[in-house]
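Have a look at start_25.csv; it's CSV, C-alpha atoms:
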chain,number,residue,atom,x,y,z
A,1,MET,CA,28.0,0.9,-63.6
A,2,MET,CA,28.0,-1.2,-60.4
A,3,TYR,CA,31.7,-2.1,-61.0
A,4,VAL,CA,32.5,1.6,-60.9
A,5,PHE,CA,30.5,1.9,-57.7
A,6,LEU,CA,32.4,-0.9,-56.2
A,7,LEU,CA,35.8,0.7,-57.1
A,8,LEU,CA,34.6,4.1,-55.8
A,9,SER,CA,33.4,2.5,-52.5
A,10,MET,CA,36.8,0.8,-52.1
A,11,LEU,CA,38.4,4.2,-52.6
A,12,GLY,CA,36.0,5.7,-50.0
A,13,LEU,CA,36.9,3.0,-47.5
A,14,LEU,CA,40.6,3.7,-48.0
A,15,LEU,CA,40.1,7.5,-47.6
A,16,ASN,CA,38.1,6.9,-44.3
A,17,LEU,CA,40.8,4.6,-42.9
A,18,ALA,CA,43.8,6.6,-44.1
A,19,LEU,CA,42.7,10.1,-43.2
A,20,ALA,CA,40.5,9.6,-40.2
A,21,ASP,CA,42.9,11.7,-38.1
A,22,THR,CA,43.4,14.4,-40.7
A,23,TRP,CA,40.0,15.5,-42.1
A,24,LEU,CA,36.4,15.3,-41.1
A,25,GLN,CA,34.9,13.0,-43.8
A,26,PRO,CA,31.5,11.5,-44.7
A,27,ASP,CA,31.2,7.7,-44.8
A,28,TRP,CA,31.9,7.7,-48.5
A,29,ALA,CA,31.1,4.0,-49.1
A,30,LEU,CA,27.8,4.0,-47.2
A,31,ALA,CA,26.6,7.2,-48.9
A,32,LEU,CA,27.4,5.7,-52.3
A,33,TRP,CA,25.5,2.5,-51.7
A,34,LEU,CA,22.6,4.3,-49.9
A,35,GLY,CA,22.3,6.8,-52.7
A,36,ALA,CA,22.2,4.0,-55.3
A,37,LEU,CA,19.6,2.0,-53.4
A,38,LEU,CA,17.3,5.1,-52.9
A,39,ALA,CA,17.6,5.9,-56.6
A,40,HIS,CA,16.9,2.3,-57.8
A,41,ARG,CA,16.0,-0.4,-55.4
A,42,GLY,CA,16.9,-3.1,-58.0
A,43,TYR,CA,20.6,-2.6,-57.0
A,44,TRP,CA,20.0,-4.3,-53.7
A,45,PRO,CA,22.3,-7.4,-54.3
A,46,TRP,CA,25.2,-5.0,-55.0
A,47,VAL,CA,24.3,-2.7,-52.1
A,48,PHE,CA,24.2,-5.6,-49.7
A,49,GLY,CA,27.6,-6.8,-50.9
A,50,GLY,CA,29.1,-3.3,-50.7
A,51,VAL,CA,27.7,-2.6,-47.2
A,52,ALA,CA,28.9,-6.0,-46.0
A,53,LEU,CA,32.4,-5.1,-47.1
A,54,HIS,CA,32.1,-1.7,-45.5
A,55,ASP,CA,31.1,-3.3,-42.2
A,56,LEU,CA,33.9,-5.9,-42.4
A,57,VAL,CA,36.6,-3.2,-43.1
A,58,PHE,CA,35.5,-0.8,-40.4
A,59,TYR,CA,34.0,-3.0,-37.7
A,60,TRP,CA,35.3,-6.5,-38.5
A,61,SER,CA,31.7,-7.8,-38.4
A,62,PRO,CA,29.0,-7.7,-41.0
A,63,TRP,CA,26.3,-6.8,-38.5
A,64,VAL,CA,26.6,-3.1,-38.0
A,65,CYS,CA,25.0,-1.3,-41.0
A,66,LEU,CA,24.1,-4.4,-43.1
A,67,PRO,CA,21.0,-5.4,-41.1
A,68,TRP,CA,19.6,-1.9,-41.4
A,69,MET,CA,20.4,-1.8,-45.1
A,70,MET,CA,18.7,-5.2,-45.6
A,71,VAL,CA,15.4,-3.8,-44.3
A,72,MET,CA,15.6,-0.8,-46.6
A,73,PRO,CA,14.2,-2.4,-49.8
A,74,ILE,CA,11.3,-4.0,-47.9
A,75,LEU,CA,10.5,-0.7,-46.2
A,76,LEU,CA,10.7,1.0,-49.6
A,77,ILE,CA,8.3,-1.4,-51.2
A,78,TRP,CA,6.0,-1.3,-48.3
A,79,SER,CA,6.0,2.5,-47.9
A,80,ASP,CA,5.5,2.9,-51.7
A,81,ALA,CA,2.5,0.6,-51.5
A,82,GLN,CA,1.0,2.4,-48.6
A,83,ALA,CA,1.5,6.0,-49.6
A,84,GLY,CA,2.6,5.9,-53.2
A,85,PRO,CA,6.2,6.5,-54.4
A,86,SER,CA,7.4,9.8,-52.9
A,87,LEU,CA,10.5,11.5,-51.7
A,88,VAL,CA,9.3,12.0,-48.1
A,89,GLN,CA,9.6,8.3,-47.1
A,90,ARG,CA,12.9,8.0,-48.9
A,91,LEU,CA,14.3,10.9,-47.0
A,92,MET,CA,13.1,9.4,-43.8
A,93,LEU,CA,14.7,6.1,-44.6
A,94,MET,CA,17.9,7.9,-45.4
A,95,VAL,CA,17.9,9.5,-41.9
A,96,LEU,CA,17.0,6.1,-40.5
A,97,MET,CA,20.2,4.7,-42.1
A,98,MET,CA,22.3,7.2,-40.1
A,99,VAL,CA,21.2,5.5,-36.9
A,100,PRO,CA,23.7,2.6,-37.1
A,101,LEU,CA,26.5,5.1,-37.8
A,102,TRP,CA,25.4,7.1,-34.8
A,103,LEU,CA,25.3,4.0,-32.7
A,104,ALA,CA,28.8,3.2,-33.9
A,105,HIS,CA,30.0,6.5,-32.4
A,106,TRP,CA,30.5,8.5,-35.6
A,107,GLN,CA,30.6,12.3,-35.2
A,108,ILE,CA,27.4,14.2,-35.9
A,109,PRO,CA,29.1,16.5,-38.5
A,110,ALA,CA,30.3,13.3,-40.3
A,111,LEU,CA,26.7,12.0,-40.4
A,112,LEU,CA,25.5,15.3,-41.9
A,113,LEU,CA,28.2,15.1,-44.5
A,114,THR,CA,27.2,11.5,-45.3
A,115,MET,CA,23.5,12.6,-45.7
A,116,LEU,CA,24.5,15.4,-48.1
A,117,LEU,CA,26.7,13.0,-50.1
A,118,THR,CA,23.8,10.5,-50.2
A,119,LEU,CA,21.5,13.2,-51.6
A,120,LEU,CA,24.0,14.1,-54.3
A,121,ILE,CA,24.6,10.5,-55.4
A,122,TRP,CA,20.8,9.7,-55.2
A,123,TYR,CA,20.2,12.7,-57.5
A,124,LYS,CA,22.9,11.7,-60.0
A,125,VAL,CA,21.9,8.0,-60.1
A,126,SER,CA,18.3,9.0,-60.6
A,127,GLN,CA,19.3,11.1,-63.5
A,128,LEU,CA,21.0,8.2,-65.1
A,129,HIS,CA,17.8,6.1,-64.8
A,130,ALA,CA,15.4,8.9,-65.8
A,131,GLN,CA,13.8,8.1,-69.2
A,132,PRO,CA,13.0,10.9,-71.6
A,133,ALA,CA,9.3,11.5,-72.0
B,1,MET,CA,3.4,-12.7,-59.0
B,2,GLU,CA,4.1,-10.1,-56.4
B,3,GLN,CA,4.2,-12.8,-53.7
B,4,HIS,CA,6.7,-14.7,-55.9
B,5,LYS,CA,9.0,-11.6,-56.0
B,6,TYR,CA,8.8,-11.2,-52.2
B,7,GLY,CA,9.6,-14.9,-51.7
B,8,HIS,CA,12.6,-14.6,-54.0
B,9,TYR,CA,13.9,-11.6,-52.0
B,10,ILE,CA,13.3,-13.2,-48.6
B,11,LEU,CA,15.0,-16.4,-49.7
B,12,SER,CA,18.0,-14.4,-50.9
B,13,LEU,CA,18.1,-12.5,-47.6
B,14,ALA,CA,18.0,-15.8,-45.7
B,15,VAL,CA,20.9,-17.2,-47.7
B,16,ILE,CA,23.0,-14.0,-47.2
B,17,VAL,CA,22.3,-14.0,-43.5
B,18,ALA,CA,23.3,-17.7,-43.2
B,19,VAL,CA,26.5,-17.1,-45.2
B,20,PHE,CA,27.5,-14.2,-43.0
B,21,PHE,CA,26.7,-16.1,-39.8
B,22,ALA,CA,29.0,-18.9,-41.1
B,23,LEU,CA,31.7,-16.4,-42.1
B,24,GLU,CA,31.6,-14.4,-38.8
B,25,ARG,CA,33.6,-17.2,-37.1
B,26,LEU,CA,36.5,-16.4,-39.5
B,27,PRO,CA,38.6,-13.3,-38.9
B,28,LEU,CA,37.4,-12.0,-42.3
B,29,GLY,CA,37.4,-8.3,-41.4
B,30,GLN,CA,40.9,-8.4,-40.0
B,31,GLN,CA,42.1,-10.1,-43.1
B,32,VAL,CA,40.5,-7.5,-45.4
B,33,SER,CA,42.1,-4.7,-43.2
B,34,LEU,CA,45.5,-6.3,-43.5
B,35,SER,CA,45.1,-6.5,-47.3
B,36,LEU,CA,44.3,-2.8,-47.5
B,37,GLY,CA,47.4,-1.8,-45.4
B,38,GLN,CA,49.7,-1.2,-48.3
B,39,MET,CA,47.1,0.8,-50.3
B,40,LEU,CA,46.7,3.1,-47.3
B,41,VAL,CA,50.3,4.2,-47.7
B,42,TRP,CA,49.6,5.2,-51.3
B,43,VAL,CA,46.4,7.1,-50.4
B,44,GLN,CA,48.2,9.0,-47.6
B,45,ALA,CA,51.2,10.1,-49.6
B,46,PRO,CA,49.7,13.0,-51.6
B,47,VAL,CA,47.8,14.3,-48.5
B,48,ARG,CA,51.1,14.3,-46.5
B,49,TRP,CA,52.7,16.3,-49.3
B,50,VAL,CA,49.9,18.8,-49.3
B,51,ASP,CA,50.0,19.0,-45.5
B,52,ASP,CA,53.7,19.6,-45.5
B,53,ALA,CA,53.4,22.3,-48.2
B,54,SER,CA,50.5,24.0,-46.4
B,55,LEU,CA,52.8,24.7,-43.4
B,56,TRP,CA,54.4,27.5,-45.5
B,57,PHE,CA,51.1,29.3,-45.7
B,58,ARG,CA,49.9,29.0,-42.1
B,59,ARG,CA,49.8,31.9,-39.7
B,60,THR,CA,52.4,32.0,-37.0
B,61,SER,CA,49.7,32.4,-34.3
B,62,GLU,CA,48.1,29.1,-35.3
B,63,ILE,CA,51.4,27.2,-35.2
B,64,GLN,CA,52.1,28.8,-31.8
B,65,THR,CA,48.7,27.7,-30.4
B,66,GLU,CA,49.4,24.1,-31.6
B,67,LEU,CA,52.8,24.3,-30.0
B,68,LEU,CA,51.2,25.3,-26.7
B,69,HIS,CA,48.8,22.4,-27.0
B,70,ALA,CA,51.6,20.0,-27.7
B,71,ARG,CA,53.6,21.4,-24.7
B,72,GLN,CA,50.5,20.9,-22.5
B,73,GLY,CA,50.2,17.3,-23.7
B,74,LEU,CA,53.9,16.8,-23.0
B,75,VAL,CA,53.5,18.0,-19.4
B,76,GLU,CA,50.6,15.6,-18.9
B,77,SER,CA,52.5,12.7,-20.4
B,78,SER,CA,55.6,13.5,-18.3
B,79,SER,CA,53.6,13.4,-15.1
B,80,LEU,CA,52.2,10.0,-16.1
B,81,THR,CA,55.7,8.9,-17.0
B,82,GLN,CA,56.9,9.9,-13.5
B,83,GLN,CA,54.1,8.0,-12.0
B,84,ASN,CA,55.0,5.0,-14.1
B,85,GLN,CA,58.7,5.3,-13.2
B,86,SER,CA,57.9,5.3,-9.5
B,87,LEU,CA,55.7,2.2,-9.9
B,88,ARG,CA,58.5,0.5,-11.9
B,89,GLU,CA,60.9,1.3,-9.2
B,90,GLU,CA,58.6,-0.3,-6.7
B,91,ASN,CA,58.2,-3.3,-8.9
B,92,ARG,CA,61.9,-3.6,-9.2
B,93,ALA,CA,62.3,-3.6,-5.5
B,94,LEU,CA,59.6,-6.2,-5.1
B,95,ARG,CA,61.1,-8.4,-7.7
B,96,ALA,CA,64.5,-8.1,-6.0
B,97,LEU,CA,62.8,-9.2,-2.8
B,98,LEU,CA,61.1,-12.2,-4.5
B,99,HIS,CA,64.2,-13.1,-6.6
B,100,ILE,CA,62.1,-12.8,-9.8
B,101,THR,CA,64.4,-11.6,-12.6
B,102,ASP,CA,62.4,-11.8,-15.8
B,103,ILE,CA,59.0,-10.5,-14.9
B,104,GLN,CA,59.0,-7.9,-17.6
B,105,GLY,CA,60.2,-9.9,-20.5
B,106,TYR,CA,59.1,-7.5,-23.2
B,107,GLN,CA,60.9,-6.0,-26.2
B,108,TRP,CA,59.8,-2.5,-27.3
B,109,ARG,CA,59.9,-0.9,-30.7
B,110,ALA,CA,58.2,2.0,-32.5
B,111,VAL,CA,55.6,1.4,-35.2
B,112,GLN,CA,53.9,3.7,-37.7
B,113,VAL,CA,50.1,4.0,-37.8
B,114,LEU,CA,48.8,3.6,-41.3
B,115,GLY,CA,45.1,3.8,-40.7
B,116,ARG,CA,42.3,3.8,-38.1
B,117,SER,CA,38.6,3.1,-38.1
B,118,PRO,CA,36.7,6.3,-38.6
B,119,GLU,CA,34.5,6.5,-35.5
B,120,LYS,CA,34.9,9.4,-33.1
B,121,LYS,CA,37.4,7.3,-31.0
B,122,SER,CA,38.8,4.6,-33.3
B,123,GLN,CA,38.4,1.1,-32.1
B,124,HIS,CA,40.7,-0.5,-34.6
B,125,LEU,CA,44.1,0.6,-36.0
B,126,ILE,CA,46.3,-0.6,-38.9
B,127,VAL,CA,50.0,-0.3,-38.2
B,128,ARG,CA,53.1,-1.1,-40.2
B,129,THR,CA,55.1,-3.7,-38.4
B,130,GLN,CA,55.7,-7.4,-38.2
B,131,ALA,CA,54.0,-8.4,-34.9
B,132,HIS,CA,52.6,-11.3,-33.1
B,133,GLU,CA,49.1,-11.8,-31.9
B,134,ASP,CA,48.6,-10.3,-28.4
B,135,ASP,CA,51.6,-7.9,-28.7
B,136,VAL,CA,50.9,-4.9,-26.5
B,137,VAL,CA,50.5,-1.5,-28.2
B,138,VAL,CA,51.2,1.7,-26.2
B,139,ALA,CA,51.0,5.4,-26.9
B,140,ARG,CA,53.0,8.1,-25.1
B,141,THR,CA,50.2,8.6,-22.6
B,142,GLY,CA,49.0,5.0,-22.0
B,143,LEU,CA,47.8,1.7,-23.2
B,144,VAL,CA,46.3,1.5,-26.7
B,145,GLY,CA,45.4,-2.2,-27.2
B,146,LEU,CA,46.5,-5.5,-28.5
B,147,VAL,CA,47.7,-6.8,-31.9
B,148,ASN,CA,44.9,-8.9,-33.3
B,149,GLN,CA,46.5,-10.2,-36.5
B,150,SER,CA,49.6,-9.6,-38.6
B,151,ARG,CA,50.7,-10.4,-42.1
B,152,ASN,CA,53.4,-9.1,-44.6
B,153,GLY,CA,54.6,-6.4,-42.3
B,154,ILE,CA,51.1,-5.0,-41.6
B,155,ALA,CA,49.2,-5.6,-38.3
B,156,VAL,CA,45.7,-4.8,-37.1
B,157,VAL,CA,45.2,-3.6,-33.6
B,158,ARG,CA,42.1,-3.9,-31.4
B,159,THR,CA,42.1,-0.9,-29.0
B,160,ILE,CA,40.9,-1.0,-25.5
B,161,LEU,CA,37.7,0.7,-26.5
B,162,ASP,CA,36.7,-2.5,-28.4
B,163,GLY,CA,34.0,-4.4,-26.5
B,164,SER,CA,36.0,-7.6,-26.7
B,165,GLN,CA,39.0,-6.2,-24.7
B,166,ALA,CA,39.4,-6.6,-21.0
B,167,VAL,CA,42.4,-5.2,-19.2
B,168,PRO,CA,43.3,-6.2,-15.6
B,169,VAL,CA,44.1,-2.9,-13.7
B,170,THR,CA,45.0,-1.6,-10.3
B,171,LEU,CA,45.3,1.8,-8.6
B,172,TYR,CA,48.8,2.9,-7.7
B,173,ASN,CA,49.7,2.0,-4.1
B,174,THR,CA,46.5,0.1,-3.4
B,175,GLN,CA,45.4,-3.5,-3.4
B,176,LEU,CA,42.6,-2.8,-5.9
B,177,ALA,CA,42.2,-5.4,-8.7
B,178,ALA,CA,39.6,-4.6,-11.4
B,179,LEU,CA,38.9,-5.1,-15.0
B,180,VAL,CA,38.6,-2.3,-17.6
B,181,ARG,CA,36.4,-3.1,-20.6
B,182,GLY,CA,35.7,-1.2,-23.8
B,183,GLN,CA,32.3,0.3,-24.4
B,184,GLY,CA,32.8,1.9,-27.8
B,185,SER,CA,33.6,5.5,-26.9
B,186,GLU,CA,34.4,5.0,-23.2
B,187,LEU,CA,35.5,2.4,-20.7
B,188,SER,CA,33.7,0.6,-17.9
B,189,VAL,CA,35.6,-0.5,-14.8
B,190,ASP,CA,34.2,-3.8,-13.4
B,191,PHE,CA,34.5,-5.5,-10.0
B,192,ILE,CA,35.4,-2.5,-7.9
B,193,PRO,CA,34.1,-2.9,-4.4
B,194,LEU,CA,32.3,0.1,-3.0
B,195,ASN,CA,34.8,0.5,-0.1
B,196,GLN,CA,37.8,0.5,-2.6
B,197,ALA,CA,36.2,2.7,-5.3
B,198,PRO,CA,38.6,5.2,-6.8
B,199,LYS,CA,38.0,9.0,-7.0
B,200,VAL,CA,37.1,10.8,-10.2
B,201,GLY,CA,40.4,11.7,-11.9
B,202,ASP,CA,42.4,8.7,-10.6
B,203,VAL,CA,44.5,6.9,-13.1
B,204,LEU,CA,44.2,3.1,-13.3
B,205,GLN,CA,47.3,1.2,-14.4
B,206,THR,CA,47.8,-2.3,-15.8
B,207,SER,CA,48.3,-4.7,-12.9
B,208,GLY,CA,50.2,-7.3,-15.0
B,209,ALA,CA,47.7,-10.0,-13.9
B,210,GLY,CA,47.2,-12.6,-16.6
B,211,GLY,CA,50.7,-11.9,-18.1
B,212,VAL,CA,49.4,-10.3,-21.3
B,213,PHE,CA,50.0,-6.6,-20.4
B,214,PRO,CA,53.2,-5.4,-18.7
B,215,PRO,CA,52.5,-3.9,-15.3
B,216,GLY,CA,52.5,-0.1,-14.7
B,217,ILE,CA,51.1,1.2,-17.9
B,218,SER,CA,48.4,3.9,-17.6
B,219,VAL,CA,45.1,2.7,-18.9
B,220,ALA,CA,42.2,4.8,-17.9
B,221,LYS,CA,41.3,8.0,-16.1
B,222,VAL,CA,38.1,7.6,-13.9
B,223,THR,CA,35.3,10.0,-15.0
B,224,ARG,CA,32.4,8.8,-12.9
B,225,VAL,CA,31.8,6.7,-9.8
B,226,ASP,CA,28.3,5.7,-8.8
B,227,GLU,CA,27.0,3.6,-6.0
B,228,VAL,CA,24.3,1.1,-7.3
B,229,PRO,CA,21.7,0.2,-4.7
B,230,GLY,CA,21.7,-3.5,-3.9
B,231,ARG,CA,25.0,-4.2,-5.5
B,232,ILE,CA,28.4,-4.8,-3.9
B,233,PHE,CA,30.4,-3.3,-6.8
B,234,ALA,CA,30.5,0.4,-7.8
B,235,HIS,CA,29.5,1.6,-11.3
B,236,VAL,CA,32.7,3.2,-12.6
B,237,GLU,CA,33.2,4.8,-15.9
B,238,ALA,CA,36.5,6.0,-17.4
B,239,VAL,CA,38.2,7.3,-20.5
B,240,PRO,CA,41.5,6.0,-22.0
B,241,THR,CA,44.6,8.0,-21.0
B,242,ALA,CA,46.1,7.4,-24.4
B,243,HIS,CA,45.1,9.5,-27.4
B,244,TRP,CA,45.7,7.4,-30.4
B,245,GLN,CA,43.3,9.3,-32.7
B,246,ARG,CA,46.1,11.7,-33.6
B,247,GLU,CA,49.3,9.7,-33.0
B,248,SER,CA,51.3,8.8,-36.1
B,249,TRP,CA,53.7,6.6,-34.1
B,250,LEU,CA,53.0,4.1,-31.3
B,251,ALA,CA,55.2,1.6,-29.4
B,252,ILE,CA,54.7,-2.2,-29.5
B,253,ALA,CA,55.9,-4.5,-26.7
B,254,SER,CA,56.5,-8.1,-27.8
B,255,HIS,CA,56.7,-10.9,-25.4
B,256,ALA,CA,60.4,-11.8,-25.3
B,257,SER,CA,59.4,-15.5,-25.5
B,258,ALA,CA,57.7,-14.9,-28.8
B,259,LEU,CA,60.8,-13.2,-30.3
B,260,ALA,CA,63.4,-15.7,-29.0
B,261,PRO,CA,64.3,-18.7,-31.2
B,262,PRO,CA,62.8,-21.9,-30.0
B,263,ILE,CA,64.9,-23.7,-27.4
B,264,GLN,CA,65.4,-27.4,-28.0
B,265,GLN,CA,65.2,-29.2,-24.7
B,266,LYS,CA,66.8,-32.6,-24.4
B,267,ILE,CA,64.6,-35.1,-22.7
B,268,PRO,CA,66.6,-37.2,-20.4

Translate this structure into structure tokens?
Amino acid sequence: MMYVFLLLSMLGLLLNLALADTWLQPDWALALWLGALLAHRGYWPWVFGGVALHDLVFYWSPWVCLPWMMVMPILLIWSDAQAGPSLVQRLMLMVLMMVPLWLAHWQIPALLLTMLLTLLIWYKVSQLHAQPA
Amino acid sequence: MEQHKYGHYILSLAVIVAVFFALERLPLGQQVSLSLGQMLVWVQAPVRWVDDASLWFRRTSEIQTELLHARQGLVESSSLTQQNQSLREENRALRALLHITDIQGYQWRAVQVLGRSPEKKSQHLIVRTQAHEDDVVVARTGLVGLVNQSRNGIAVVRTILDGSQAVPVTLYNTQLAALVRGQGSELSVDFIPLNQAPKVGDVLQTSGAGGVFPPGISVAKVTRVDEVPGRIFAHVEAVPTAHWQRESWLAIASHASALAPPIQQKIP
């Protein structure tokens, strides 16, 4: 499944680059990787690779969103240990992940779209991992 | 067991960070952007078809409003062009006085924009042209940036909003010499003495110092001038005069020396 994610994220990067002047768009690739990580933190090696590529393509440096994303699995484990696994801390982490985009001067509507897309992908990937009782 | 898991994760993180620190010295991002150049053409094609087709279904009033905006832009750009022309005339007169004949030494051509980074004000562009490093990119209304890398007919451009860019500027008809630097979504103007500070709304132009940028191109419009207590330079903020977020075509100025075939000199 991760190969499909990689292809989709590449398509997302191309859409962002090619149509930045035409349509307001979410950050497709980041939403994809963030949704996957929130749904299953075991994807972190793929997520780090994908976000590194995202940063390289958009900012020519791997240090824009990647450092924030690297902290996410640790924060997830820590917050789950403190308060038990729940949606609240994951939602807060998702909002936290919008900070580097905001610092990189993305438009606020684009950030909101990115969060909505993240929620959708998180839900879909969680469904794939859900085991029948 | 849990500690072992954490250790594994932290070790992997350390390796990833080390690898990226090592790779950061290489222009990896620029190379990836160049590789994506041709794919951007394919992605844009269907959207352009839809855009063209949708014109048939749009209201006349919308199109008229757009036309008015475009005319307004044209008036603004023509006033800047006039200012540039007068500066160019002055330059020509000065060159005649100094007997300098080849101070401009640039060749101009139009290039198509393929893609741009998706921030509010794009810091990087991908254009379709064979260019040289440090070729100057210009829009109708002013300076855009410099070509960073080029390969296979695709070039990546670092705009003046990028933090690594510094443009020597001056104010028309003054002795001012300052440096415009990118701050992400706006520009800062450094080294402006308080007694020479420009007014809000003044347009700064390339001075030609350093030989990278041709003189007389509009760069930035001053938006804020503040006096900083205890400092000799004013705090000046500006915005680019060029609007490259919507431009499909830009112009590139190549140094004539870069285009000319190498001249073999005989050593006596």

- Kindly provide, as an NGL selection string, the residues of chain A having any atom no farther than 9 Å from an atom of chain B, counting all atoms listed in the file. :A and (11 or 14-22 or 25 or 27 or 45 or 48 or 52-53 or 55-63 or 70 or 74 or 101 or 104-107)

- Using only C-alpha atoms, the residue out of A:Leu112, A:Met97, A:Leu128, A:Leu38 with shortest distance to Ile77 in chain A is A:Leu38

- Task: Find, counting only C-alpha atoms, the residue in B:Val212, B:Ala178, B:Arg231, B:Glu237 that gets nearest to Val200 in chain B.
- Result: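 For Val200 in chain B, the nearest of the candidates is B:Glu237.
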
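Non-sequential neighbours of Ala242 in chain B (distance at most 9 Å, separation of 4 or more positions within a chain, all atoms listed in the file) are Val138, Ala139, Arg140, Thr141, Gly142, Leu143, Val144, Ser218, Val219 and Ala220 of chain B.
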
- Coordinates-based distance that separates CA of Trp46 in chain A from CA of Pro85 in chain A (Å, one decimal): 22.2 Å

- Message: Please report the interatomic distance between CA of Val225 in chain B and CA of Ile160 in chain B in Å with one decimal.
- Response: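 Result for CA of Val225 in chain B versus CA of Ile160 in chain B: 19.7 Å, one decimal.
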
Specify the axis-aligned box that encloses all atoms of range 26-42 of chain B listed in the file after padding of 8 Å on each side, stating its centre and edge lengths in Å to one decimal as JSON.
{"center_x": 43.4, "center_y": -5.6, "center_z": -45.1, "size_x": 29.8, "size_y": 37.6, "size_z": 28.4}

- Query: Of the residues B:Arg58, B:His243, B:His69, B:Lys199, which is the one nearest to Leu161 in chain B, using all atoms listed in the file?
  - Reply: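 Of the candidates, the smallest distance to Leu161 in chain B is held by B:His243.
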
- Task: Considering only C-alpha atoms, return as a list of chain:residue names whatever protein or nucleic-acid residues lie within 8 Å of Pro26 in chain A, sequence-local ones (same chain, fewer than 4 positions apart) excluded.
- Result: A:Ala31, A:Ala110, A:Leu111, A:Leu112, A:Leu113, A:Thr114, A:Leu117

Filtering to C-alpha atoms, could you give me those residues as a compact mmCIF listing (two decimals), in the coordinates of the input?
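part31.txt, freshly written:
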# COMPACT_ATOMS: atom_id res chain seq x y z
CA ALA A 31 26.60 7.20 -48.90
CA ALA A 110 30.30 13.30 -40.30
CA LEU A 111 26.70 12.00 -40.40
CA LEU A 112 25.50 15.30 -41.90
CA LEU A 113 28.20 15.10 -44.50
CA THR A 114 27.20 11.50 -45.30
CA LEU A 117 26.70 13.00 -50.10

For His54 in chain A, list every protein, DNA or RNA residue within 8 Å, evaluated using all atoms listed in the file, and leave out those in the same chain fewer than 5 positions away; present the list as a short mmCIF file (atom, residue, chain, number, x, y, z; two decimals) with C-alpha atoms, keeping the file's coordinate frame.
data_model
loop_
_atom_site.label_atom_id
_atom_site.label_comp_id
_atom_site.auth_asym_id
_atom_site.auth_seq_id
_atom_site.Cartn_x
_atom_site.Cartn_y
_atom_site.Cartn_z
CA LEU A 13 36.90 3.00 -47.50
CA ALA A 29 31.10 4.00 -49.10
CA LEU A 30 27.80 4.00 -47.20
#
